[in-house]
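Structure file upload.cif; described as mmCIF, C-alpha atoms.
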data_structure
loop_
_atom_site.group_PDB
_atom_site.id
_atom_site.type_symbol
_atom_site.label_atom_id
_atom_site.label_comp_id
_atom_site.auth_asym_id
_atom_site.auth_seq_id
_atom_site.Cartn_x
_atom_site.Cartn_y
_atom_site.Cartn_z
ATOM 1 C CA PHE G 1 9.748 5.798 -10.609
ATOM 2 C CA LEU G 2 10.597 5.958 -6.913
ATOM 3 C CA LEU G 3 9.965 9.699 -6.927
ATOM 4 C CA CYS G 4 6.530 9.032 -8.385
ATOM 5 C CA LEU G 5 5.863 6.517 -5.642
ATOM 6 C CA SER G 6 6.659 9.051 -2.959
ATOM 7 C CA VAL G 7 4.015 11.364 -4.401
ATOM 8 C CA VAL G 8 1.217 8.844 -3.862
ATOM 9 C CA PHE G 9 2.410 7.315 -0.562
ATOM 10 C CA VAL G 10 -0.307 7.639 2.073
ATOM 11 C CA GLY G 11 2.095 8.904 4.718
ATOM 12 C CA LYS G 12 3.205 7.565 8.085
ATOM 13 C CA SER G 13 0.004 8.585 9.865
ATOM 14 C CA GLN G 14 -0.966 4.917 10.233
ATOM 15 C CA THR G 15 -0.158 3.186 13.502
ATOM 16 C CA HIS G 16 1.923 0.120 12.675
ATOM 17 C CA ARG G 17 4.963 -0.521 10.514
ATOM 18 C CA LEU G 18 6.852 -3.698 9.701
ATOM 19 C CA LEU G 19 10.415 -4.541 8.783
ATOM 20 C CA PHE G 20 10.981 -7.309 6.242
ATOM 21 C CA GLN G 21 14.498 -8.741 6.164
ATOM 22 C CA THR G 22 15.319 -10.783 3.078
ATOM 23 C CA ASP G 23 18.258 -12.367 1.286
ATOM 24 C CA TYR G 24 18.150 -9.400 -1.098
ATOM 25 C CA GLY G 25 17.991 -6.600 1.448
ATOM 26 C CA ASP G 26 15.443 -5.037 3.801
ATOM 27 C CA PHE G 27 12.273 -3.104 3.164
ATOM 28 C CA LYS G 28 9.655 -1.420 5.344
ATOM 29 C CA VAL G 29 5.878 -1.717 5.204
ATOM 30 C CA LEU G 30 3.075 0.466 6.506
ATOM 31 C CA LEU G 31 -0.068 -1.332 7.715
ATOM 32 C CA TYR G 32 -3.399 0.377 7.114
ATOM 33 C CA ASP G 33 -5.574 1.129 10.117
ATOM 34 C CA TYR G 34 -8.647 1.045 7.866
ATOM 35 C CA THR G 35 -8.177 -2.697 7.295
ATOM 36 C CA PRO G 36 -7.958 -3.542 11.011
ATOM 37 C CA GLN G 37 -8.641 -7.280 10.892
ATOM 38 C CA HIS G 38 -5.862 -7.965 8.402
ATOM 39 C CA ARG G 39 -3.561 -5.541 10.218
ATOM 40 C CA ASP G 40 -4.132 -7.327 13.520
ATOM 41 C CA LEU G 41 -3.746 -10.769 11.940
ATOM 42 C CA ILE G 42 -0.239 -10.079 10.644
ATOM 43 C CA LEU G 43 0.763 -8.384 13.896
ATOM 44 C CA LYS G 44 -0.397 -11.490 15.751
ATOM 45 C CA SER G 45 1.568 -13.666 13.320
ATOM 46 C CA ILE G 46 4.766 -11.975 14.465
ATOM 47 C CA HIS G 47 4.167 -13.038 18.065
ATOM 48 C CA THR G 48 3.063 -16.563 17.122
ATOM 49 C CA LYS G 49 5.990 -16.902 14.698
ATOM 50 C CA VAL G 50 3.769 -17.921 11.786
ATOM 51 C CA TYR G 51 6.357 -16.613 9.358
ATOM 52 C CA ARG G 52 9.427 -18.084 11.054
ATOM 53 C CA ASP G 53 11.777 -19.407 8.336
ATOM 54 C CA ALA G 54 9.325 -18.035 5.789
ATOM 55 C CA LEU G 55 9.845 -18.075 2.040
ATOM 56 C CA PHE G 56 8.726 -16.059 -0.920
ATOM 57 C CA ASN G 57 7.606 -19.155 -2.787
ATOM 58 C CA ARG G 58 5.608 -17.875 -5.744
ATOM 59 C CA ILE G 59 7.237 -15.178 -7.832
ATOM 60 C CA ILE G 60 5.807 -13.827 -11.065
ATOM 61 C CA SER G 61 7.598 -10.966 -12.786
ATOM 62 C CA ASP G 62 5.368 -7.912 -13.366
ATOM 63 C CA PHE G 63 2.673 -9.477 -11.164
ATOM 64 C CA VAL G 64 3.318 -10.423 -7.513
ATOM 65 C CA VAL G 65 5.834 -11.789 -5.021
ATOM 66 C CA GLN G 66 3.965 -14.179 -2.731
ATOM 67 C CA GLY G 67 5.097 -15.622 0.586
ATOM 68 C CA GLY G 68 4.038 -17.682 3.545
ATOM 69 C CA GLU G 69 2.061 -20.903 3.214
ATOM 70 C CA HIS G 70 1.690 -21.943 -0.423
ATOM 71 C CA ASP G 71 -1.720 -22.597 -1.974
ATOM 72 C CA ILE G 72 -0.837 -26.244 -2.566
ATOM 73 C CA ASP G 73 0.205 -26.787 1.053
ATOM 74 C CA ILE G 74 -2.941 -25.096 2.358
ATOM 75 C CA GLU G 75 -5.095 -27.294 0.147
ATOM 76 C CA LYS G 76 -3.347 -30.464 1.329
ATOM 77 C CA ARG G 77 -3.545 -29.488 4.995
ATOM 78 C CA GLU G 78 -7.230 -28.624 4.816
ATOM 79 C CA ALA G 79 -8.053 -31.776 2.835
ATOM 80 C CA ALA G 80 -6.430 -33.872 5.584
ATOM 81 C CA ASP G 81 -8.399 -32.146 8.361
ATOM 82 C CA PRO G 82 -11.130 -34.548 9.595
ATOM 83 C CA ALA G 83 -13.326 -31.571 10.475
ATOM 84 C CA LYS G 84 -12.849 -30.146 6.970
ATOM 85 C CA GLN G 85 -12.379 -26.696 8.441
ATOM 86 C CA LYS G 86 -11.226 -23.913 6.169
ATOM 87 C CA PRO G 87 -10.505 -20.888 8.369
ATOM 88 C CA ARG G 88 -10.545 -17.608 6.469
ATOM 89 C CA LEU G 89 -10.627 -13.888 7.254
ATOM 90 C CA ALA G 90 -13.480 -11.825 5.819
ATOM 91 C CA PRO G 91 -12.376 -9.345 3.127
ATOM 92 C CA GLU G 92 -11.820 -5.682 3.930
ATOM 93 C CA PHE G 93 -12.180 -3.558 0.830
ATOM 94 C CA ASP G 94 -11.457 0.164 1.068
ATOM 95 C CA ASP G 95 -10.932 2.665 -1.753
ATOM 96 C CA ARG G 96 -7.704 3.797 -0.080
ATOM 97 C CA ALA G 97 -6.316 0.243 -0.221
ATOM 98 C CA PHE G 98 -5.710 -0.865 -3.795
ATOM 99 C CA HIS G 99 -3.247 -2.816 -5.908
ATOM 100 C CA LYS G 100 -0.660 -0.194 -6.769
ATOM 101 C CA VAL G 101 2.991 -1.160 -7.064
ATOM 102 C CA GLY G 102 4.307 -2.037 -3.593
ATOM 103 C CA ALA G 103 0.908 -2.878 -2.110
ATOM 104 C CA LEU G 104 0.703 -5.643 0.503
ATOM 105 C CA GLY G 105 -2.194 -8.040 0.028
ATOM 106 C CA ALA G 106 -3.616 -11.235 1.504
ATOM 107 C CA GLY G 107 -3.770 -14.357 -0.643
ATOM 108 C CA ARG G 108 -6.906 -16.476 -0.949
ATOM 109 C CA ASP G 109 -8.473 -19.326 -2.885
ATOM 110 C CA GLY G 110 -11.579 -19.185 -5.065
ATOM 111 C CA ASN G 111 -14.070 -18.945 -2.211
ATOM 112 C CA PRO G 112 -17.114 -16.844 -3.181
ATOM 113 C CA GLU G 113 -16.833 -14.659 -0.071
ATOM 114 C CA LYS G 114 -13.377 -13.499 -1.244
ATOM 115 C CA ALA G 115 -12.109 -14.249 2.257
ATOM 116 C CA SER G 116 -8.360 -14.305 2.866
ATOM 117 C CA PHE G 117 -5.984 -17.084 3.855
ATOM 118 C CA LEU G 118 -4.662 -16.598 7.391
ATOM 119 C CA ASN G 119 -0.977 -17.066 6.604
ATOM 120 C CA GLN G 120 -0.253 -16.023 3.051
ATOM 121 C CA ILE G 121 0.748 -12.571 1.827
ATOM 122 C CA TYR G 122 1.885 -10.995 -1.418
ATOM 123 C CA PHE G 123 3.429 -7.780 -2.694
ATOM 124 C CA VAL G 124 2.329 -6.205 -5.949
ATOM 125 C CA VAL G 125 5.044 -5.772 -8.550
ATOM 126 C CA GLY G 126 2.608 -4.876 -11.287
ATOM 127 C CA LYS G 127 3.035 -3.255 -14.634
ATOM 128 C CA LYS G 128 2.245 -0.020 -16.435
ATOM 129 C CA ILE G 129 -1.469 0.739 -16.685
ATOM 130 C CA THR G 130 -3.279 2.815 -19.293
ATOM 131 C CA ALA G 131 -6.460 4.838 -18.936
ATOM 132 C CA SER G 132 -8.240 2.589 -21.432
ATOM 133 C CA GLU G 133 -7.346 -0.483 -19.370
ATOM 134 C CA LEU G 134 -8.902 1.123 -16.293
ATOM 135 C CA ASP G 135 -12.018 1.998 -18.286
ATOM 136 C CA ILE G 136 -12.375 -1.617 -19.422
ATOM 137 C CA LEU G 137 -11.890 -2.946 -15.896
ATOM 138 C CA GLU G 138 -14.542 -0.589 -14.531
ATOM 139 C CA LEU G 139 -17.081 -2.062 -16.946
ATOM 140 C CA LYS G 140 -15.946 -5.644 -16.427
ATOM 141 C CA LYS G 141 -15.858 -5.489 -12.625
ATOM 142 C CA SER G 142 -18.761 -3.036 -12.199
ATOM 143 C CA ILE G 143 -16.635 -0.714 -10.104
ATOM 144 C CA LYS G 144 -15.573 2.916 -10.306
ATOM 145 C CA TYR G 145 -11.967 3.915 -9.656
ATOM 146 C CA THR G 146 -11.562 7.054 -7.606
ATOM 147 C CA ALA G 147 -9.567 9.973 -8.963
ATOM 148 C CA ALA G 148 -6.757 9.110 -6.555
ATOM 149 C CA GLN G 149 -6.689 5.465 -7.611
ATOM 150 C CA ARG G 150 -6.712 6.343 -11.285
ATOM 151 C CA SER G 151 -3.937 8.920 -10.884
ATOM 152 C CA THR G 152 -1.765 6.476 -8.937
ATOM 153 C CA TYR G 153 -2.227 3.623 -11.387
ATOM 154 C CA LEU G 154 -1.334 5.864 -14.313
ATOM 155 C CA LYS G 155 1.760 7.198 -12.524
ATOM 156 C CA ILE G 156 3.295 4.037 -11.094
ATOM 157 C CA GLY G 157 1.233 1.071 -12.319
ATOM 158 C CA GLY G 158 0.062 -1.988 -10.448
ATOM 159 C CA GLN G 159 -2.524 -4.749 -10.808
ATOM 160 C CA PRO G 160 -5.967 -3.097 -10.750
ATOM 161 C CA ARG G 161 -7.662 -6.278 -11.970
ATOM 162 C CA LEU G 162 -7.189 -7.645 -8.427
ATOM 163 C CA ASP G 163 -9.138 -4.801 -6.792
ATOM 164 C CA HIS G 164 -12.310 -5.827 -4.949
ATOM 165 C CA ASP G 165 -11.232 -9.454 -5.210
ATOM 166 C CA PHE G 166 -8.225 -9.546 -2.845
ATOM 167 C CA THR G 167 -7.737 -7.488 0.313
ATOM 168 C CA VAL G 168 -4.906 -4.933 0.346
ATOM 169 C CA PHE G 169 -3.873 -3.969 3.877
ATOM 170 C CA GLY G 170 -0.537 -2.147 3.591
ATOM 171 C CA GLU G 171 2.225 -0.883 1.329
ATOM 172 C CA ILE G 172 5.997 -0.666 1.063
ATOM 173 C CA TYR G 173 7.215 2.805 1.991
ATOM 174 C CA GLU G 174 10.962 2.175 1.969
ATOM 175 C CA GLY G 175 13.042 -0.326 0.009
ATOM 176 C CA LEU G 176 10.722 -0.935 -2.931
ATOM 177 C CA ASP G 177 13.788 -1.768 -5.024
ATOM 178 C CA VAL G 178 14.270 -4.910 -2.910
ATOM 179 C CA ILE G 179 10.912 -6.441 -3.817
ATOM 180 C CA LEU G 180 11.412 -5.451 -7.454
ATOM 181 C CA LYS G 181 14.771 -7.241 -7.408
ATOM 182 C CA ILE G 182 13.170 -10.327 -5.879
ATOM 183 C CA SER G 183 10.496 -10.292 -8.583
ATOM 184 C CA LYS G 184 13.194 -10.897 -11.197
ATOM 185 C CA VAL G 185 14.724 -14.056 -9.716
ATOM 186 C CA LYS G 186 14.626 -17.159 -11.899
ATOM 187 C CA THR G 187 11.729 -19.547 -11.303
ATOM 188 C CA ASP G 188 10.549 -22.919 -12.545
ATOM 189 C CA SER G 189 7.399 -23.619 -14.560
ATOM 190 C CA GLN G 190 5.327 -23.487 -11.344
ATOM 191 C CA ASP G 191 6.674 -20.041 -10.366
ATOM 192 C CA TYR G 192 8.822 -21.435 -7.531
ATOM 193 C CA PRO G 193 12.174 -19.593 -7.302
ATOM 194 C CA LEU G 194 15.077 -21.855 -8.249
ATOM 195 C CA GLN G 195 16.895 -20.691 -5.128
ATOM 196 C CA GLN G 196 15.067 -20.116 -1.859
ATOM 197 C CA VAL G 197 14.197 -16.506 -1.034
ATOM 198 C CA ARG G 198 13.834 -16.249 2.739
ATOM 199 C CA PHE G 199 12.252 -13.460 4.752
ATOM 200 C CA GLU G 200 11.668 -12.529 8.368
ATOM 201 C CA LEU G 201 9.358 -9.829 9.629
ATOM 202 C CA SER G 202 9.153 -7.800 12.802
ATOM 203 C CA GLU G 203 7.275 -4.742 13.988
ATOM 204 C CA ILE G 204 9.158 -1.458 13.967
ATOM 205 C CA LYS G 205 9.029 0.177 17.380
ATOM 206 C CA ASP G 206 10.182 3.790 17.696
#

Structure encoded using structure tokens:
Amino acid sequence: FLLCLSVVFVGKSQTHRLLFQTDYGDFKVLLYDYTPQHRDLILKSIHTKVYRDALFNRIISDFVVQGGEHDIDIEKREAADPAKQKPRLAPEFDDRAFHKVGALGAGRDGNPEKASFLNQIYFVVGKKITASELDILELKKSIKYTAAQRSTYLKIGGQPRLDHDFTVFGEIYEGLDVILKISKVKTDSQDYPLQQVRFELSEIKD
């Protein structure tokens, strides 16, 4: 599986990389330069310490590992805001950025613009995908998967049903086994892990 992943990895030609340190080990993430607004947002979050003492707080096996501010907390905070502001980041969809295993995405609510939350991220754990499933999704979502997307999904899997609905802006290039391990931790009926799963992130400078 990991060998397959290395075949479809986009390479280290992108500008910025991140280190995630977790209770289960470390992994490294490449940020895409072709999703610049989301790239810059998470880089800014490092300096403003948005993810200080952060948790992976929504974990669904074969789907995603989500961290940062939880949907429920965002909803409560925004409901209590007298100005009723709901800051979001406009989506950035690019055929090179899709929901393969190990992809880094930005969470959002059901807003029609498909705009992202400012402080919630997720990693795709995904599942095996068949050609017929991709064919069905193309019809349902009125999209066309590129040859590269289709090949990658068939080789390593993912969550293609999220494409063109949630912004992907990076991918794990080292330590994928860590996020897969985290995806298997025990959770309650609301997908909260029974034991806290902490993470810290920093930019890799070399």

Selection dump of the PyMOL selection byres ((chain G and resi 168) around 7), as a list in words: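 Applying the PyMOL selection byres ((chain G and resi 168) around 7) to the structure shown produces Ala97, Phe98, His99, Ala103, Leu104, Gly105, Ala106, Phe166, Thr167, Phe169 and Gly170 of chain G.
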
Would you write out those residues with C-alpha atoms, as a JSON list (two decimals), keeping the file's coordinate frame?
[["chain", "number", "residue", "atom", "x", "y", "z"],
["G", 97, "ALA", "CA", -6.32, 0.24, -0.22],
["G", 98, "PHE", "CA", -5.71, -0.86, -3.80],
["G", 99, "HIS", "CA", -3.25, -2.82, -5.91],
["G", 103, "ALA", "CA", 0.91, -2.88, -2.11],
["G", 104, "LEU", "CA", 0.70, -5.64, 0.50],
["G", 105, "GLY", "CA", -2.19, -8.04, 0.03],
["G", 106, "ALA", "CA", -3.62, -11.24, 1.50],
["G", 166, "PHE", "CA", -8.22, -9.55, -2.84],
["G", 167, "THR", "CA", -7.74, -7.49, 0.31],
["G", 169, "PHE", "CA", -3.87, -3.97, 3.88],
["G", 170, "GLY", "CA", -0.54, -2.15, 3.59]]

Go through G:Leu194, G:Val124, G:Ile136, G:Leu201 and flag the residue nearest Ser61 of chain G, using only C-alpha atoms for the distances.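 Nearest candidate to Ser61 of chain G out of G:Leu194, G:Val124, G:Ile136, G:Leu201: G:Val124.
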
Just say which residues the PyMOL selection byres ((chain G and resi 195) around 12) picks in this file, as an MDAnalysis selection string. chainID G and resid 23 55:59 182 185:188 191:194 196:198

Let me know the residues the PyMOL selection byres ((chain G and resi 38) around 10) catches in the file above, as an NGL selection string. :G and (31-37 or 39-44 or 89-92 or 105-106 or 116 or 118 or 167-170)

Generate the output file for the selected residues, C-alpha atoms, as a PDB file, keeping the file's coordinate frame.
ATOM      1  CA  LEU G  31      -0.068  -1.332   7.715  1.00  0.00           C
ATOM      2  CA  TYR G  32      -3.399   0.377   7.114  1.00  0.00           C
ATOM      3  CA  ASP G  33      -5.574   1.129  10.117  1.00  0.00           C
ATOM      4  CA  TYR G  34      -8.647   1.045   7.866  1.00  0.00           C
ATOM      5  CA  THR G  35      -8.177  -2.697   7.295  1.00  0.00           C
ATOM      6  CA  PRO G  36      -7.958  -3.542  11.011  1.00  0.00           C
ATOM      7  CA  GLN G  37      -8.641  -7.280  10.892  1.00  0.00           C
ATOM      8  CA  ARG G  39      -3.561  -5.541  10.218  1.00  0.00           C
ATOM      9  CA  ASP G  40      -4.132  -7.327  13.520  1.00  0.00           C
ATOM     10  CA  LEU G  41      -3.746 -10.769  11.940  1.00  0.00           C
ATOM     11  CA  ILE G  42      -0.239 -10.079  10.644  1.00  0.00           C
ATOM     12  CA  LEU G  43       0.763  -8.384  13.896  1.00  0.00           C
ATOM     13  CA  LYS G  44      -0.397 -11.490  15.751  1.00  0.00           C
ATOM     14  CA  LEU G  89     -10.627 -13.888   7.254  1.00  0.00           C
ATOM     15  CA  ALA G  90     -13.480 -11.825   5.819  1.00  0.00           C
ATOM     16  CA  PRO G  91     -12.376  -9.345   3.127  1.00  0.00           C
ATOM     17  CA  GLU G  92     -11.820  -5.682   3.930  1.00  0.00           C
ATOM     18  CA  GLY G 105      -2.194  -8.040   0.028  1.00  0.00           C
ATOM     19  CA  ALA G 106      -3.616 -11.235   1.504  1.00  0.00           C
ATOM     20  CA  SER G 116      -8.360 -14.305   2.866  1.00  0.00           C
ATOM     21  CA  LEU G 118      -4.662 -16.598   7.391  1.00  0.00           C
ATOM     22  CA  THR G 167      -7.737  -7.488   0.313  1.00  0.00           C
ATOM     23  CA  VAL G 168      -4.906  -4.933   0.346  1.00  0.00           C
ATOM     24  CA  PHE G 169      -3.873  -3.969   3.877  1.00  0.00           C
ATOM     25  CA  GLY G 170      -0.537  -2.147   3.591  1.00  0.00           C
TER      26      GLY G 170
END

Rounded to one decimal in Å, what is the spacing between atom CA of Glu113 of chain G and atom CA of Gln85 of chain G?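 Separating atom CA of Glu113 of chain G from atom CA of Gln85 of chain G is a distance of 15.4 Å.
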
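Candidate residues G:Ile121, G:Leu162, G:Val178, G:Leu19 were compared for distance to Ile143 of chain G, and the nearest is G:Leu162, using all atoms listed in the file.
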
Restricting the calculation to all atoms listed in the file: of G:Gln120, G:Lys84, G:Lys181, G:Gly175, which residue gets closest to Gln21 of chain G?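 Going through G:Gln120, G:Lys84, G:Lys181, G:Gly175 one by one, the smallest distance to Gln21 of chain G is for G:Gly175.
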
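Shortest atom-to-atom contact with Gly25 of chain G among G:Leu180, G:Asp73, G:Glu203, G:Asn119: G:Leu180, counting all atoms listed in the file.
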
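Atom to atom, atom CA of Asp26 of chain G and atom CA of Phe117 of chain G stand 24.6 Å apart.
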
Can you work out the spacing between atom CA of Arg52 of chain G and atom CA of Glu200 of chain G in Å, to one decimal?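 That distance, rounded to one decimal, is 6.6 Å.
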
Find the residues near Gln149 of chain G: any atom within 9 Å, counting all atoms listed in the file, skip ones fewer than 2 places away on the same chain, and give them as a PDB file with C-alpha atoms, keeping the file's coordinate frame.
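Okay, selection.pdb is ready:
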ATOM      1  CA  ASP G  95     -10.932   2.665  -1.753  1.00  0.00           C
ATOM      2  CA  ARG G  96      -7.704   3.797  -0.080  1.00  0.00           C
ATOM      3  CA  PHE G  98      -5.710  -0.865  -3.795  1.00  0.00           C
ATOM      4  CA  LYS G 100      -0.660  -0.194  -6.769  1.00  0.00           C
ATOM      5  CA  TYR G 145     -11.967   3.915  -9.656  1.00  0.00           C
ATOM      6  CA  THR G 146     -11.562   7.054  -7.606  1.00  0.00           C
ATOM      7  CA  ALA G 147      -9.567   9.973  -8.963  1.00  0.00           C
ATOM      8  CA  SER G 151      -3.937   8.920 -10.884  1.00  0.00           C
ATOM      9  CA  THR G 152      -1.765   6.476  -8.937  1.00  0.00           C
ATOM     10  CA  TYR G 153      -2.227   3.623 -11.387  1.00  0.00           C
ATOM     11  CA  LEU G 154      -1.334   5.864 -14.313  1.00  0.00           C
TER      12      LEU G 154
END

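Ranking G:Leu30, G:Ile46, G:Lys155, G:Ile179 by their shortest atom-to-atom distance to Arg17 of chain G, with only C-alpha atoms included, puts G:Leu30 first.
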